[in-house]
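Have a look at the structure below, then the notes.
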Amino acid sequence: MTTSLLAAGLGELDEGARSRRLRVEFRGSASDYFRIWIAHTCLSALTLGIYGPWAKVRMKQYLYGNTLLDGVPFQYDAPPLAILVGRLVTVCLLLVSYAGTALAPQVRVLLSLALLVALPWIVVSSNRFEAHYTSYRGVRFRFAGSYAGALRTFLGAALLACTLVGLPWAYRRVKGYLVRQWSHGGVRARLSLRATRLFRPALAAGLLGVVGALCTAALFIWGVRGKGYVPEWVVPVSLLPLYLASILACSVLRAGAANLVWRGTRLGPLRFRTTFRGGELALIYFVNAIAVVASLGLLIPWAAVRLARYRAENFGVVLDGDWSEFSGDTTTPVGAVGNELAQALDIGLPVGP
Amino acid sequence: MTASKKSLSTEATFQWLEQSWLASALCCLVLAGLLGLGYFVGIPRAADHLAESLSMDREQQLGLDAMQSHGGIRRSKVPLPQREKVEQLFQELSQGLPLAAHYRLEFDGRRSANAFAFPGGTVVVTDGLLEKCSSDEVTAILAHEIGHIEHRHALRQSFRSSALSVLLGVLSSEMNSVSVATAGIPSRIAQTRYSRAFEEEADDFAIALLLARKRRPELLGTCLQRIAPSPEEPSVWRFLSTHPH
């Protein structure tokens, strides 16, 4: 039923009396964000990272507070002290595991097992943290996932992923579970997504990767042909197509998957429609990378604002009804250890585009 | 009353920090200073301190691991008398040095001309090097490698790169939040300066050692200069090795 509703398209439903398209905008400016960013980064460095959590919260507050939906900004109010505790625990865990592997290499196996066991907890608690401290119109978001539920989902997904052809179903299983746990003001989100539709972005990305690898191989062979040795310039030059192709493939996959997931997501009376494009995203990523490296990091705020603006510009939200449906709902505060671990271990948060 | 006054002034300070371009410029300077201090003083000092606290036995174990990861030693095809001569030169050079008890010379059958100093006191010379360089030149190269070992360069380098990768990890998590395309670029650039300083230190050590042993220090580098541009030198191998000379 939900799929047919979605298939009906936005235009038709817009004509309904209680259905309206909401404005999404990002109002932040690179120059404002730069001044905030440099001040707080400097304070973090001066205090050897102790101030880091306060800096992180302030920067997020700027980005969230300048993201407006229907003219109303998002709010972020995570307690920096909890983040500091989470970071200290994370650093201790990393140091212990580093020392452990240095003394006895066999510990590595044990650590990977421990990480696998802890992964569902990390993902759940990290989502719960982000949800609890993000609010809109004074109402907090909520993530209801549990360790058992996440473990079941991940195990099933891992089995599906093993078959390779089952990857889209594995992705849908994980995404569907995570989306279902999010709620706002007592209204639960849900996801209806036909997994076969994920094949298109995945195949496009795979094809790009293969083309990039072939170009790299061809350049390498052409560079060393008849020489019997490898000239200095050949390795970096021949890797260039693979590098560009991997940025493009990554962007195509991200954009395609985000579009499908957002279009299939419903949060009570809210429907979403994103129009991310792989090529545009890749161009933003690529220009950001060059700007950030060439400016020795000083253009990081500019790059962040650019990305946030692109996301807002391509984010469509339709409200079939009104905001009163989100009546409010109490959630309990959560610790930040999982969230900080997730960041340190590069476990991407499955929120947003 | 005083408390509210105080919080008001902190608020004003923060507002100034976040809004004034002068504050931003000052922050840039402070950040650059801190990064420079960490890179040029903090990391090298901490790494050297750590390296000194490690026992020679432990270093030898690390050296064996490093040799394994370089593909191990291949059987040398250079005739035994020539090898014995080089071995004798090596003994002469290393005699009386503080770490003399730990020195060991290995011959590697690789065709590319190269010499390595591994942690723990093992110097490796390849067949290619012995073929292309005269025995005086080999002596100079050995003195250079002994310099690497006396100064425990391999260990200090590896501690420095570990510390650097932690620092860069913190920085690049920030970078990766805005682009997927920046991964790994800065570490390559930041790494090279440290190893160049070590090469110079090893050269200085080698010159002093060769002079003390009544050898010719001007031969340092002549052999490598002669063979480096030759097309038979596979540069990938040099690219992969931690200290190319």
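By order of appearance in the structure tokens: chains A, B, ..., then residues from 1 within every chain, and ligands from 1 in the order shown.
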- Test item: chain A residues at most 10 Å from chain B, counting only C-alpha atoms, as a PyMOL selection string: chain A and resi 31-46+227-232+235+243-244+246-248+250-251+281-282+284-290+292-293+296-308+343-344+346
DSSP strand (DSSP E or B) residues within segment 4-245 of chain B, as a PDB file with N, CA, C and O atoms, in the first residue's frame:
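The result, stored in states_2.pdb:
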ATOM      1  N   ARG B 104      75.566  -7.199  12.876  1.00  0.00           N
ATOM      2  CA  ARG B 104      75.551  -8.414  12.087  1.00  0.00           C
ATOM      3  C   ARG B 104      75.404  -7.995  10.627  1.00  0.00           C
ATOM      4  O   ARG B 104      74.672  -7.055  10.325  1.00  0.00           O
ATOM      5  N   LEU B 105      76.132  -8.659   9.745  1.00  0.00           N
ATOM      6  CA  LEU B 105      76.032  -8.324   8.323  1.00  0.00           C
ATOM      7  C   LEU B 105      75.389  -9.488   7.579  1.00  0.00           C
ATOM      8  O   LEU B 105      75.751 -10.644   7.801  1.00  0.00           O
ATOM      9  N   GLU B 106      74.427  -9.184   6.718  1.00  0.00           N
ATOM     10  CA  GLU B 106      73.767 -10.232   5.927  1.00  0.00           C
ATOM     11  C   GLU B 106      73.902  -9.892   4.451  1.00  0.00           C
ATOM     12  O   GLU B 106      73.898  -8.724   4.066  1.00  0.00           O
ATOM     13  N   PHE B 107      74.030 -10.956   3.637  1.00  0.00           N
ATOM     14  CA  PHE B 107      74.109 -10.753   2.191  1.00  0.00           C
ATOM     15  C   PHE B 107      72.816 -11.223   1.567  1.00  0.00           C
ATOM     16  O   PHE B 107      72.345 -12.320   1.842  1.00  0.00           O
ATOM     17  N   ASP B 108      72.257 -10.366   0.718  1.00  0.00           N
ATOM     18  CA  ASP B 108      70.972 -10.681   0.108  1.00  0.00           C
ATOM     19  C   ASP B 108      71.160 -10.849  -1.387  1.00  0.00           C
ATOM     20  O   ASP B 108      71.866 -10.068  -2.033  1.00  0.00           O
ATOM     21  N   ALA B 115      71.234  -1.178   0.171  1.00  0.00           N
ATOM     22  CA  ALA B 115      71.697  -1.567   1.496  1.00  0.00           C
ATOM     23  C   ALA B 115      70.673  -1.088   2.514  1.00  0.00           C
ATOM     24  O   ALA B 115      70.060  -0.037   2.327  1.00  0.00           O
ATOM     25  N   PHE B 116      70.456  -1.901   3.556  1.00  0.00           N
ATOM     26  CA  PHE B 116      69.459  -1.553   4.563  1.00  0.00           C
ATOM     27  C   PHE B 116      70.026  -1.693   5.951  1.00  0.00           C
ATOM     28  O   PHE B 116      70.875  -2.542   6.196  1.00  0.00           O
ATOM     29  N   ALA B 117      69.514  -0.854   6.868  1.00  0.00           N
ATOM     30  CA  ALA B 117      69.829  -1.030   8.282  1.00  0.00           C
ATOM     31  C   ALA B 117      68.531  -1.389   8.986  1.00  0.00           C
ATOM     32  O   ALA B 117      67.585  -0.605   8.965  1.00  0.00           O
ATOM     33  N   PHE B 118      68.472  -2.603   9.551  1.00  0.00           N
ATOM     34  CA  PHE B 118      67.251  -3.014  10.243  1.00  0.00           C
ATOM     35  C   PHE B 118      67.381  -2.735  11.730  1.00  0.00           C
ATOM     36  O   PHE B 118      68.499  -2.700  12.261  1.00  0.00           O
ATOM     37  N   THR B 122      71.213  -5.284  12.390  1.00  0.00           N
ATOM     38  CA  THR B 122      71.509  -6.053  11.189  1.00  0.00           C
ATOM     39  C   THR B 122      71.588  -5.138   9.971  1.00  0.00           C
ATOM     40  O   THR B 122      70.660  -4.377   9.711  1.00  0.00           O
ATOM     41  N   VAL B 123      72.732  -5.227   9.263  1.00  0.00           N
ATOM     42  CA  VAL B 123      72.882  -4.481   8.021  1.00  0.00           C
ATOM     43  C   VAL B 123      72.791  -5.485   6.875  1.00  0.00           C
ATOM     44  O   VAL B 123      73.372  -6.572   6.943  1.00  0.00           O
ATOM     45  N   VAL B 124      72.018  -5.140   5.846  1.00  0.00           N
ATOM     46  CA  VAL B 124      71.865  -6.038   4.704  1.00  0.00           C
ATOM     47  C   VAL B 124      72.415  -5.346   3.461  1.00  0.00           C
ATOM     48  O   VAL B 124      72.070  -4.191   3.197  1.00  0.00           O
ATOM     49  N   VAL B 125      73.305  -6.042   2.719  1.00  0.00           N
ATOM     50  CA  VAL B 125      73.741  -5.513   1.423  1.00  0.00           C
ATOM     51  C   VAL B 125      73.330  -6.504   0.338  1.00  0.00           C
ATOM     52  O   VAL B 125      73.376  -7.712   0.538  1.00  0.00           O
ATOM     53  N   THR B 126      72.943  -5.978  -0.806  1.00  0.00           N
ATOM     54  CA  THR B 126      72.486  -6.872  -1.864  1.00  0.00           C
ATOM     55  C   THR B 126      73.639  -7.220  -2.804  1.00  0.00           C
ATOM     56  O   THR B 126      74.635  -6.496  -2.879  1.00  0.00           O
TER      57      THR B 126
END
- atom CA of Asn314 of chain A sits from atom CA of Phe143 of chain A at a separation of 25.1 Å
- Contacts of Ser126 of chain A at 7 Å (only C-alpha atoms; same-chain gap of 2+ positions) as a list of chain:residue names: A:Ile122, A:Val123, A:Val124, A:Arg128, A:Phe129, A:Glu130, A:Gly338, A:Asn339, A:Ala342
- Query: Which residue gives the smallest distance to Leu210 of chain B among B:Gln157, B:Ser76, B:Ser112, B:Ser94, with only C-alpha atoms counted?
  - Reply: B:Ser94
- Item | Non-local contacts of Ala197 of chain B (12 Å; only C-alpha atoms; under 6 positions in same chain excluded) as a VMD selection string | chain B and resid 40 44 148 151 153 156 to 157 191 203 to 204 243
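The gap separating atom CA of Val187 of chain A from atom CA of Gly268 of chain A is 5.8 Å, in Å to one decimal.
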